[in-house]
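K.L.:
For reference, the file input.cif (mmCIF, C-alpha atoms and all ligand atoms) is included below:
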data_model
loop_
_atom_site.label_atom_id
_atom_site.label_comp_id
_atom_site.auth_asym_id
_atom_site.auth_seq_id
_atom_site.Cartn_x
_atom_site.Cartn_y
_atom_site.Cartn_z
CA MET A 176 3.54 6.57 6.44
CA SER A 177 3.35 4.92 9.84
CA ALA A 178 6.62 3.65 11.35
CA VAL A 179 4.71 0.71 12.89
CA LYS A 180 1.81 -1.37 11.58
CA LYS A 181 1.12 -3.89 14.29
CA ILE A 182 1.66 -3.15 17.96
CA ALA A 183 1.09 -5.03 21.21
CA VAL A 184 0.28 -3.93 24.73
CA LEU A 185 0.94 -5.68 28.05
CA THR A 186 0.57 -4.93 31.75
CA SER A 187 3.30 -6.14 34.10
CA GLY A 188 4.40 -6.20 37.74
CA GLY A 189 2.13 -4.90 40.49
CA ASP A 190 -1.22 -3.82 39.06
CA SER A 191 -2.60 -0.33 39.53
CA GLN A 192 -5.92 1.39 39.09
CA GLY A 193 -6.06 2.95 35.65
CA MET A 194 -4.18 0.16 33.88
CA ASN A 195 -7.45 -0.77 32.16
CA ALA A 196 -7.99 2.82 31.08
CA ALA A 197 -4.47 2.75 29.63
CA VAL A 198 -5.06 -0.54 27.78
CA ARG A 199 -8.31 0.84 26.39
CA ALA A 200 -6.58 3.99 25.20
CA VAL A 201 -3.66 2.12 23.60
CA VAL A 202 -6.08 -0.14 21.72
CA ARG A 203 -8.46 2.55 20.58
CA SER A 204 -5.75 5.04 19.75
CA ALA A 205 -3.96 2.40 17.66
CA LEU A 206 -7.14 1.40 15.84
CA TYR A 207 -8.01 5.07 15.23
CA ARG A 208 -4.58 5.48 13.62
CA GLY A 209 -5.10 2.44 11.40
CA LEU A 210 -2.76 0.11 13.31
CA GLU A 211 -3.41 -3.49 14.28
CA VAL A 212 -3.16 -4.07 18.01
CA TYR A 213 -2.61 -7.21 20.09
CA GLY A 214 -3.06 -7.72 23.82
CA VAL A 215 -0.46 -9.84 25.61
CA GLN A 216 -1.95 -11.75 28.54
CA ARG A 217 0.01 -11.89 31.88
CA GLY A 218 2.90 -9.55 31.14
CA TYR A 219 6.27 -10.89 30.05
CA GLN A 220 5.23 -14.42 31.08
CA GLY A 221 2.41 -14.29 28.54
CA LEU A 222 4.81 -12.98 25.93
CA LEU A 223 7.09 -15.99 26.43
CA ASN A 224 4.04 -18.28 26.35
CA GLN A 225 2.87 -16.58 23.12
CA ASP A 226 -0.38 -15.70 24.85
CA LEU A 227 -1.42 -12.92 22.48
CA ARG A 228 -4.80 -12.00 21.04
CA PRO A 229 -5.99 -9.39 18.58
CA MET A 230 -7.86 -6.52 20.21
CA ASP A 231 -10.77 -4.67 18.65
CA LEU A 232 -12.85 -1.71 19.75
CA ARG A 233 -15.28 -3.88 21.72
CA SER A 234 -12.56 -5.87 23.48
CA VAL A 235 -11.83 -2.84 25.66
CA GLY A 236 -15.45 -1.79 26.22
CA ASP A 237 -16.73 -1.27 29.76
CA ILE A 238 -13.27 -1.28 31.38
CA ILE A 239 -12.36 2.39 31.84
CA GLN A 240 -13.96 2.34 35.31
CA ARG A 241 -12.52 -0.98 36.46
CA GLY A 242 -9.54 -1.57 38.75
CA GLY A 243 -7.10 -4.40 38.03
CA THR A 244 -6.15 -5.22 34.45
CA ILE A 245 -8.12 -7.24 31.90
CA LEU A 246 -4.78 -8.35 30.43
CA GLN A 247 -3.80 -9.77 33.84
CA THR A 248 -0.33 -9.19 35.16
CA ALA A 249 2.52 -11.38 36.30
CA ARG A 250 6.06 -11.47 37.54
CA CYS A 251 8.30 -13.48 35.24
CA LYS A 252 11.70 -14.77 36.38
CA GLU A 253 12.57 -16.17 32.97
CA PHE A 254 12.35 -12.71 31.46
CA MET A 255 15.10 -11.52 33.84
CA THR A 256 17.57 -13.63 31.84
CA ALA A 257 19.19 -12.63 28.53
CA GLU A 258 17.74 -15.80 26.93
CA GLY A 259 14.24 -14.93 28.12
CA GLN A 260 14.52 -11.40 26.76
CA GLN A 261 15.80 -12.64 23.40
CA ARG A 262 12.91 -15.11 23.24
CA GLY A 263 10.46 -12.29 24.03
CA ALA A 264 11.84 -10.24 21.16
CA ASP A 265 11.69 -13.30 18.86
CA VAL A 266 8.04 -13.97 19.75
CA LEU A 267 7.10 -10.41 18.88
CA ARG A 268 8.95 -10.64 15.54
CA GLU A 269 7.40 -14.04 14.75
CA HIS A 270 3.97 -12.44 15.18
CA GLY A 271 4.93 -9.53 12.95
CA ILE A 272 4.61 -7.10 15.86
CA ASP A 273 6.82 -4.07 15.43
CA GLY A 274 5.93 -2.00 18.47
CA LEU A 275 5.19 -2.72 22.15
CA VAL A 276 3.61 -0.66 24.91
CA VAL A 277 4.56 -1.87 28.40
CA ILE A 278 2.37 -0.61 31.25
CA GLY A 279 4.02 -1.18 34.62
CA GLY A 280 6.45 -0.04 37.27
CA ASP A 281 10.19 0.16 37.59
CA GLY A 282 10.84 -3.57 37.02
CA SER A 283 8.60 -3.66 33.97
CA TYR A 284 10.50 -0.65 32.59
CA GLN A 285 13.77 -2.58 33.04
CA GLY A 286 12.27 -5.33 30.89
CA ALA A 287 11.07 -2.81 28.31
CA ASN A 288 14.58 -1.35 28.19
CA LYS A 289 16.03 -4.79 27.46
CA LEU A 290 13.55 -5.37 24.62
CA SER A 291 14.33 -1.96 23.24
CA LYS A 292 18.05 -2.84 23.17
CA LEU A 293 17.11 -5.96 21.21
CA GLY A 294 15.58 -3.77 18.52
CA ILE A 295 11.90 -3.82 19.54
CA LYS A 296 10.24 -0.42 19.32
CA THR A 297 9.12 -0.10 22.91
CA MET A 298 7.26 2.50 24.97
CA GLY A 299 6.80 2.45 28.74
CA LEU A 300 3.71 3.80 30.48
CA PRO A 301 4.09 4.40 34.24
CA GLY A 302 1.53 2.06 35.81
CA THR A 303 2.13 1.80 39.55
CA ILE A 304 0.53 3.17 42.68
CA ASP A 305 3.97 3.98 44.13
CA ASN A 306 4.67 7.11 42.06
CA ASP A 307 8.31 6.03 41.93
CA ILE A 308 8.94 6.49 38.20
CA PRO A 309 10.97 9.60 37.34
CA PHE A 310 10.26 11.95 34.42
CA THR A 311 6.55 12.04 35.14
CA ASP A 312 4.87 14.04 37.87
CA PHE A 313 2.46 11.20 38.58
CA THR A 314 2.10 7.53 37.76
CA ILE A 315 -1.15 5.84 36.78
CA GLY A 316 -2.86 4.55 39.94
CA PHE A 317 -1.17 6.87 42.43
CA ASP A 318 -4.09 9.29 42.67
CA THR A 319 -6.55 6.48 43.37
CA ALA A 320 -4.28 4.86 45.96
CA VAL A 321 -3.86 8.18 47.77
CA SER A 322 -7.62 8.74 47.84
CA ILE A 323 -8.12 5.28 49.33
CA VAL A 324 -5.61 6.07 52.09
CA VAL A 325 -7.18 9.47 52.74
CA ASP A 326 -10.64 7.91 52.94
CA ALA A 327 -9.35 5.30 55.41
CA ILE A 328 -7.71 7.96 57.59
CA ASN A 329 -10.92 10.02 57.58
CA LYS A 330 -12.67 6.99 59.05
CA LEU A 331 -9.94 6.32 61.57
CA ARG A 332 -10.09 9.95 62.66
CA ASP A 333 -13.75 9.56 63.70
CA THR A 334 -13.03 6.78 66.14
CA MET A 335 -9.65 8.24 67.21
CA THR A 336 -11.27 11.53 68.13
CA SER A 337 -14.05 9.85 70.14
CA HIS A 338 -11.50 7.93 72.17
CA GLU A 339 -8.76 10.58 72.14
CA ARG A 340 -6.37 8.07 70.65
CA SER A 341 -3.65 7.96 68.09
CA SER A 342 -3.24 5.78 65.02
CA VAL A 343 -0.32 4.52 63.03
CA VAL A 344 -1.28 3.85 59.43
CA GLU A 345 1.10 1.73 57.36
CA VAL A 346 0.85 2.40 53.64
CA MET A 347 2.50 0.94 50.55
CA GLY A 348 5.76 2.20 49.11
CA ARG A 349 8.87 0.06 49.37
CA HIS A 350 11.37 2.65 48.19
CA CYS A 351 9.22 5.70 47.64
CA GLY A 352 7.35 7.68 50.28
CA ASP A 353 4.95 9.48 47.96
CA ILE A 354 1.79 7.64 49.03
CA ALA A 355 2.61 8.40 52.67
CA LEU A 356 3.53 12.00 51.84
CA TYR A 357 0.49 12.93 49.76
CA ALA A 358 -2.00 11.00 51.91
CA GLY A 359 -0.37 12.35 55.06
CA LEU A 360 -0.63 15.95 53.90
CA ALA A 361 -4.19 15.50 52.63
CA SER A 362 -5.37 13.91 55.86
CA GLY A 363 -3.58 16.25 58.26
CA ALA A 364 -1.25 13.62 59.72
CA GLU A 365 0.95 14.71 62.62
CA ALA A 366 3.91 12.67 61.38
CA ILE A 367 4.89 11.18 58.03
CA ILE A 368 7.63 8.57 57.95
CA VAL A 369 9.17 7.98 54.52
CA PRO A 370 12.35 6.33 53.23
CA GLU A 371 13.65 9.62 51.80
CA VAL A 372 13.80 11.59 55.08
CA PRO A 373 15.53 10.55 58.31
CA PHE A 374 13.22 10.54 61.30
CA ASP A 375 13.52 10.56 65.08
CA ILE A 376 10.90 8.39 66.75
CA LYS A 377 11.63 10.00 70.14
CA ASP A 378 10.80 13.39 68.70
CA ILE A 379 7.62 12.09 67.04
CA SER A 380 6.54 10.45 70.31
CA HIS A 381 7.12 13.63 72.33
CA ARG A 382 5.26 15.70 69.78
CA MET A 383 2.28 13.35 69.97
CA LYS A 384 2.23 13.67 73.75
CA ASP A 385 2.52 17.47 73.55
CA ASN A 386 -0.29 17.59 71.00
CA PHE A 387 -2.67 15.81 73.36
CA GLN A 388 -1.65 18.16 76.15
CA LYS A 389 -2.29 21.14 73.86
CA GLY A 390 -5.83 19.91 73.25
CA LYS A 391 -5.58 17.78 70.11
CA ARG A 392 -7.96 14.86 70.31
CA HIS A 393 -6.16 12.50 67.98
CA GLY A 394 -2.72 11.77 66.54
CA ILE A 395 -2.03 10.32 63.12
CA VAL A 396 1.27 8.83 61.99
CA VAL A 397 1.55 7.61 58.39
CA VAL A 398 4.46 5.29 57.70
CA ALA A 399 5.62 3.97 54.34
CA GLU A 400 6.10 0.20 54.52
CA GLY A 401 9.65 0.50 53.16
CA VAL A 402 10.87 2.20 56.36
CA CYS A 403 9.49 -0.15 58.98
CA SER A 404 6.22 -1.73 60.01
CA GLY A 405 3.38 0.19 61.63
CA GLU A 406 3.68 -2.18 64.59
CA ASP A 407 7.33 -1.16 65.10
CA VAL A 408 6.41 2.53 65.01
CA ALA A 409 3.59 2.03 67.51
CA ARG A 410 5.82 0.02 69.89
CA ASN A 411 8.45 2.75 69.84
CA ILE A 412 5.91 5.50 70.43
CA THR A 413 4.60 3.61 73.47
CA GLU A 414 8.13 3.16 74.77
CA HIS A 415 8.93 6.89 74.50
CA SER A 416 5.61 8.43 75.49
CA GLY A 417 3.28 5.89 77.05
CA ILE A 418 0.76 6.56 74.27
CA GLU A 419 -0.68 3.36 72.80
CA PRO A 420 -1.48 3.94 69.14
CA ARG A 421 -3.73 1.53 67.24
CA VAL A 422 -2.17 0.18 64.06
CA THR A 423 -3.85 -0.12 60.66
CA VAL A 424 -2.11 -1.79 57.74
CA LEU A 425 -3.94 -0.85 54.56
CA GLY A 426 -2.14 -3.35 52.31
CA HIS A 427 -3.47 -4.34 48.94
CA ILE A 428 -6.74 -2.45 49.42
CA GLN A 429 -4.66 0.45 48.13
CA ARG A 430 -4.24 -1.26 44.76
CA GLY A 431 -7.92 -1.99 44.07
CA GLY A 432 -11.15 -0.25 43.19
CA SER A 433 -12.34 2.08 40.50
CA PRO A 434 -9.70 4.56 39.30
CA THR A 435 -10.28 8.26 40.00
CA HIS A 436 -11.02 10.55 37.07
CA ASN A 437 -7.43 11.85 37.38
CA ASP A 438 -5.99 8.38 36.84
CA ARG A 439 -8.36 7.65 33.94
CA ILE A 440 -7.44 10.91 32.23
CA LEU A 441 -3.71 10.47 32.87
CA ALA A 442 -3.85 6.90 31.52
CA SER A 443 -5.80 7.97 28.42
CA GLN A 444 -3.48 10.87 27.62
CA LEU A 445 -0.21 9.01 28.18
CA ALA A 446 -1.36 5.96 26.21
CA ASP A 447 -2.49 8.04 23.25
CA TYR A 448 0.81 9.93 23.28
CA ALA A 449 2.79 6.66 23.39
CA VAL A 450 0.97 5.29 20.35
CA GLN A 451 1.40 8.58 18.49
CA ARG A 452 5.17 8.53 19.15
CA LEU A 453 5.44 4.91 18.03
CA GLN A 454 3.62 5.74 14.84
CA GLU A 455 5.98 8.62 14.23
CA GLY A 456 8.99 6.33 14.55
CA ASP A 457 10.06 7.03 18.11
CA SER A 458 10.93 4.18 20.48
CA GLY A 459 12.78 3.20 23.65
CA LYS A 460 10.99 5.88 25.68
CA GLY A 461 9.24 6.19 29.02
CA ILE A 462 6.20 8.41 28.64
CA GLY A 463 5.19 10.93 31.25
CA ILE A 464 3.65 14.30 31.89
CA MET A 465 5.59 17.03 33.69
CA LYS A 466 4.05 20.40 34.53
CA GLY A 467 1.34 19.79 31.95
CA GLU A 468 3.72 18.84 29.11
CA PHE A 469 4.05 15.35 27.66
CA VAL A 470 7.57 14.02 27.88
CA ALA A 471 9.24 11.01 26.27
CA THR A 472 12.49 10.14 28.06
CA ASP A 473 15.00 7.43 27.09
CA ILE A 474 13.95 4.36 29.06
CA GLU A 475 17.60 3.77 29.96
CA LYS A 476 17.62 7.19 31.63
CA VAL A 477 14.31 6.51 33.37
CA VAL A 478 15.52 3.24 34.89
CA THR A 479 18.83 4.70 36.05
CA THR A 480 17.40 7.84 37.67
CA LYS A 481 15.86 8.01 41.12
CA LYS A 482 12.68 10.03 41.38
CA SER A 483 13.26 13.14 43.46
CA PHE A 484 11.29 13.58 46.67
CA ASN A 485 9.17 16.68 47.23
CA LEU A 486 10.70 17.99 50.44
CA ASP A 487 8.68 21.23 50.26
CA LEU A 488 5.47 19.23 50.48
CA TYR A 489 6.89 17.21 53.36
CA ASN A 490 7.84 20.36 55.30
CA LEU A 491 4.46 21.90 54.54
CA ALA A 492 2.71 18.85 55.99
CA LEU A 493 4.80 19.17 59.15
CA ARG A 494 4.15 22.92 59.51
CA LEU A 495 0.41 22.52 59.06
CA SER A 496 0.02 19.61 61.46
CA GLN A 497 0.98 21.51 64.60
P1 LIG B 1 6.97 -3.48 38.71
O1 LIG B 1 6.98 -3.34 37.23
O2 LIG B 1 5.64 -3.20 39.32
O3 LIG B 1 8.11 -2.73 39.36
P2 LIG B 1 8.46 -5.97 39.14
O4 LIG B 1 9.67 -5.32 39.70
O5 LIG B 1 7.98 -7.21 39.78
O6 LIG B 1 7.19 -5.03 39.05
O7 LIG B 1 8.81 -6.29 37.61
C1 LIG B 1 7.86 -6.90 36.76
C2 LIG B 1 8.55 -7.84 35.81
O8 LIG B 1 9.44 -7.11 34.97
C3 LIG B 1 9.44 -8.90 36.45
O9 LIG B 1 8.73 -10.01 36.91
C4 LIG B 1 10.34 -9.28 35.30
O10 LIG B 1 9.71 -10.16 34.42
C5 LIG B 1 10.54 -7.94 34.60
N1 LIG B 1 11.79 -7.33 35.05
C6 LIG B 1 12.07 -6.77 36.24
N2 LIG B 1 13.36 -6.36 36.32
C7 LIG B 1 13.93 -6.72 35.16
C8 LIG B 1 15.26 -6.62 34.62
N3 LIG B 1 16.26 -6.07 35.31
N4 LIG B 1 15.47 -7.10 33.37
C9 LIG B 1 14.46 -7.66 32.66
N5 LIG B 1 13.21 -7.80 33.12
C10 LIG B 1 12.93 -7.33 34.33
O1 LIG B 2 3.00 -1.95 43.13
C1 LIG B 2 4.00 -1.62 44.04
C2 LIG B 2 3.66 -2.22 45.34
O2 LIG B 2 2.37 -1.80 45.59
C3 LIG B 2 4.54 -1.89 46.55
O3 LIG B 2 4.27 -0.68 47.17
C4 LIG B 2 4.34 -3.09 47.43
O4 LIG B 2 5.36 -3.31 48.33
C5 LIG B 2 4.26 -4.19 46.44
O5 LIG B 2 3.70 -3.63 45.26
C6 LIG B 2 3.56 -5.40 46.87
O6 LIG B 2 3.14 -6.13 45.77
P1 LIG B 2 2.95 -7.70 45.74
O7 LIG B 2 2.28 -8.11 46.99
O8 LIG B 2 2.12 -7.90 44.51
O9 LIG B 2 4.32 -8.29 45.61
#
Can you present the structure in this file as structure tokens?
Ligand code: ADP
Ligand code: F6P

P.N.:
Amino acid sequence: MSAVKKIAVLTSGGDSQGMNAAVRAVVRSALYRGLEVYGVQRGYQGLLNQDLRPMDLRSVGDIIQRGGTILQTARCKEFMTAEGQQRGADVLREHGIDGLVVIGGDGSYQGANKLSKLGIKTMGLPGTIDNDIPFTDFTIGFDTAVSIVVDAINKLRDTMTSHERSSVVEVMGRHCGDIALYAGLASGAEAIIVPEVPFDIKDISHRMKDNFQKGKRHGIVVVAEGVCSGEDVARNITEHSGIEPRVTVLGHIQRGGSPTHNDRILASQLADYAVQRLQEGDSGKGIGIMKGEFVATDIEKVVTTKKSFNLDLYNLALRLSQ
């Protein structure tokens, strides 16, 4: 006996590569298990607008490789209110939907938590490039975003080295430095500036100068947007060292393009696990994978816990960039 018969899926907040792979897996996993499945268009806004449609096997064909989300995404102010949340729960009940999979970031999880408290069987899938959701090693989209940053830095390196210049690369991450950290380590950056670790711009500037004197032919600083702008970093480096770094702001390019195989696989696995748990009667959980094991953590706990920062990786990046 399945604990749910008809479920819905929505994508919400900032999109991320792999959301489509997750939608596909929710739909096909549900159909495989004999459940009906509906797609909600434009996140919580679409829920309030009753913008729902039945999904079949073909409705998610040819999307595993696509960035963005076929369900569209939105930010919905009305859903931040208790009335909006109640209405969302009512809409689901009116449509006979007894389970919901929310694919999104921290804000979307907050919404999912509210629906869960209103009695809707809800599961959260971590869909954000920021990697800022706890109780999962990685979020869906993070791997692709990091590869985009690494690819951009590879290109910058070519021209930096020719001109013996330095670059400041501003990457996404309002409260979480993981994109900067992983991309910085993978591209051999000389400095990584993240919200989680205090930094000394004087020290970074002097190190850059020393590096050139020691024979390095380029200098790379990766800064997470949540700390300060790339322009600010560059101005300070010039002030302290005379070096004039060029600034690149990668922006929303980081959120687009075809997901990597890692993101597609992560999305497929987490989505299938979420549907399985719903069918077994579980709800109110954020789904993740930690050290190779699937985990389902109370959404309340997920939204009240800050993801821990990997300081070992940060120190490794520093040691190796000398
Ligand atoms: P992300 O999910 O990428 O972090 P947002 O923070 O913009 O993106 O959140 C997406 C949507 O989730 C918001 O527009 C809003 O509808 C809903 N949401 C965010 N925070 C809350 C909250 N505290 N309570 C209810 N809904 C929320
Ligand atoms: O998805 C998270 C994120 O990429 C942040 O790193 C960034 O600050 C933000 O979204 C920007 O999103 P938008 O321009 O859609 O508000």

K.L.:
Residues within 6 Å of stretch 421-423 of chain A, please, as a PDB file with C-alpha atoms, in the frame of the given file. Count only C-alpha atoms; anything in the same chain fewer than 5 positions from it doesn't count.

P.N.:
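Wrote out_34.pdb, looks like this:
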ATOM      1  CA  SER A 342      -3.240   5.780  65.020  1.00  0.00           C
ATOM      2  CA  VAL A 343      -0.320   4.520  63.030  1.00  0.00           C
ATOM      3  CA  VAL A 344      -1.280   3.850  59.430  1.00  0.00           C
TER       4      VAL A 344
END

K.L.:
Residues near stretch 226-242 of chain A, anyone? I mean within 9 Å using only C-alpha atoms, not counting same-chain ones fewer than 4 positions away, as a PyMOL selection string.

P.N.:
chain A and resi 183+190-200+202-203+206+211-217+220-222+430-436+439

K.L.:
Taking only C-alpha atoms and all ligand atoms into account, which residues are within 6 Å of ligand LIG 1 (chain B), as a ChimeraX atom specification?

P.N.:
/A:187-189,219,250-252,254-255,279-283,285-286

K.L.:
Would you save the residues from that selection as an mmCIF file, in the frame of the given file, using C-alpha atoms?

P.N.:
data_model
loop_
_atom_site.group_PDB
_atom_site.id
_atom_site.type_symbol
_atom_site.label_atom_id
_atom_site.label_comp_id
_atom_site.auth_asym_id
_atom_site.auth_seq_id
_atom_site.Cartn_x
_atom_site.Cartn_y
_atom_site.Cartn_z
ATOM 1 C CA SER A 187 3.300 -6.140 34.100
ATOM 2 C CA GLY A 188 4.400 -6.200 37.740
ATOM 3 C CA GLY A 189 2.130 -4.900 40.490
ATOM 4 C CA TYR A 219 6.270 -10.890 30.050
ATOM 5 C CA ARG A 250 6.060 -11.470 37.540
ATOM 6 C CA CYS A 251 8.300 -13.480 35.240
ATOM 7 C CA LYS A 252 11.700 -14.770 36.380
ATOM 8 C CA PHE A 254 12.350 -12.710 31.460
ATOM 9 C CA MET A 255 15.100 -11.520 33.840
ATOM 10 C CA GLY A 279 4.020 -1.180 34.620
ATOM 11 C CA GLY A 280 6.450 -0.040 37.270
ATOM 12 C CA ASP A 281 10.190 0.160 37.590
ATOM 13 C CA GLY A 282 10.840 -3.570 37.020
ATOM 14 C CA SER A 283 8.600 -3.660 33.970
ATOM 15 C CA GLN A 285 13.770 -2.580 33.040
ATOM 16 C CA GLY A 286 12.270 -5.330 30.890
#

K.L.:
With 9 Å as the cut-off and all atoms listed in the file counted, what is the closest atom pair between each nearby residue of chain A and ligand LIG 2 (chain B)? Distances in Å to one decimal, ordered by chain and number, as CSV.

P.N.:
residue,atom,partner,partner_atom,distance
A:Gly188,CA,B:LIG2,O1,7.0
A:Gly189,CA,B:LIG2,O1,4.1
A:Asp190,CA,B:LIG2,O1,6.2
A:Ser191,CA,B:LIG2,O1,6.9
A:Ala249,CA,B:LIG2,O8,8.9
A:Arg250,CA,B:LIG2,O8,8.8
A:Gly279,CA,B:LIG2,O1,8.6
A:Gly280,CA,B:LIG2,O1,7.1
A:Gly302,CA,B:LIG2,O1,8.5
A:Thr303,CA,B:LIG2,O1,5.3
A:Ile304,CA,B:LIG2,O1,5.7
A:Asp305,CA,B:LIG2,O3,5.6
A:Asn306,CA,B:LIG2,C1,9.0
A:Val346,CA,B:LIG2,O3,7.9
A:Met347,CA,B:LIG2,O3,4.1
A:Gly348,CA,B:LIG2,O3,3.8
A:Arg349,CA,B:LIG2,O4,5.0
A:His350,CA,B:LIG2,O3,7.9
A:Cys351,CA,B:LIG2,O3,8.1
A:Ile354,CA,B:LIG2,O3,8.9
A:Ala399,CA,B:LIG2,O3,8.7
A:Glu400,CA,B:LIG2,O4,7.2
A:Gly401,CA,B:LIG2,O4,7.5
A:Gly426,CA,B:LIG2,C4,8.1
A:His427,CA,B:LIG2,O7,7.1
A:Gln429,CA,B:LIG2,O2,7.8
A:Arg430,CA,B:LIG2,O2,6.7

K.L.:
Go ahead and compute the interatomic distance for atom CA of A:Val396 and atom CA of A:Gly417, in Å to one decimal.

P.N.:
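Pair atom CA of A:Val396 / atom CA of A:Gly417 returns 15.5 Å.
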
K.L.:
Could you list, as a compact mmCIF listing (two decimals) with C-alpha atoms, in the coordinates of the input, every residue within 10 Å of A:Arg382, counting all atoms listed in the file and ignoring same-chain residues fewer than 4 positions away?

P.N.:
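Below you can see out11.txt, which holds the result:
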# COMPACT_ATOMS: atom_id res chain seq x y z
CA GLU A 365 0.95 14.71 62.62
CA ALA A 366 3.91 12.67 61.38
CA ILE A 376 10.90 8.39 66.75
CA LYS A 377 11.63 10.00 70.14
CA ASP A 378 10.80 13.39 68.70
CA ASN A 386 -0.29 17.59 71.00
CA PHE A 387 -2.67 15.81 73.36
CA GLN A 388 -1.65 18.16 76.15
CA GLY A 394 -2.72 11.77 66.54
CA SER A 416 5.61 8.43 75.49
CA GLN A 497 0.98 21.51 64.60

K.L.:
Filtering to N, CA and C atoms, could stretch 264-275 of chain A of the supplied structure be written out as a short mmCIF file (atom, residue, chain, number, x, y, z; two decimals), in the first residue's frame?

P.N.:
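Final output, part33.cif:
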data_model
loop_
_atom_site.label_atom_id
_atom_site.label_comp_id
_atom_site.auth_asym_id
_atom_site.auth_seq_id
_atom_site.Cartn_x
_atom_site.Cartn_y
_atom_site.Cartn_z
N ALA A 264 -1.57 25.05 0.59
CA ALA A 264 -1.96 23.72 1.10
C ALA A 264 -3.38 23.38 0.63
N ASP A 265 -4.27 24.39 0.64
CA ASP A 265 -5.66 24.15 0.21
C ASP A 265 -5.72 23.76 -1.26
N VAL A 266 -4.92 24.45 -2.09
CA VAL A 266 -4.92 24.14 -3.53
C VAL A 266 -4.50 22.69 -3.74
N LEU A 267 -3.47 22.28 -3.04
CA LEU A 267 -3.00 20.89 -3.20
C LEU A 267 -4.12 19.92 -2.81
N ARG A 268 -4.78 20.20 -1.69
CA ARG A 268 -5.85 19.30 -1.22
C ARG A 268 -7.02 19.30 -2.21
N GLU A 269 -7.36 20.49 -2.71
CA GLU A 269 -8.47 20.58 -3.68
C GLU A 269 -8.20 19.72 -4.91
N HIS A 270 -6.93 19.61 -5.28
CA HIS A 270 -6.57 18.79 -6.45
C HIS A 270 -6.30 17.33 -6.08
N GLY A 271 -6.55 17.00 -4.84
CA GLY A 271 -6.36 15.61 -4.41
C GLY A 271 -4.90 15.19 -4.35
N ILE A 272 -4.01 16.20 -4.24
CA ILE A 272 -2.57 15.89 -4.22
C ILE A 272 -2.14 15.66 -2.78
N ASP A 273 -1.53 14.51 -2.52
CA ASP A 273 -1.18 14.22 -1.13
C ASP A 273 0.32 14.20 -0.86
N GLY A 274 1.11 14.56 -1.84
CA GLY A 274 2.55 14.65 -1.61
C GLY A 274 3.16 15.70 -2.54
N LEU A 275 4.23 16.38 -2.06
CA LEU A 275 4.84 17.44 -2.89
C LEU A 275 6.35 17.34 -2.80
#
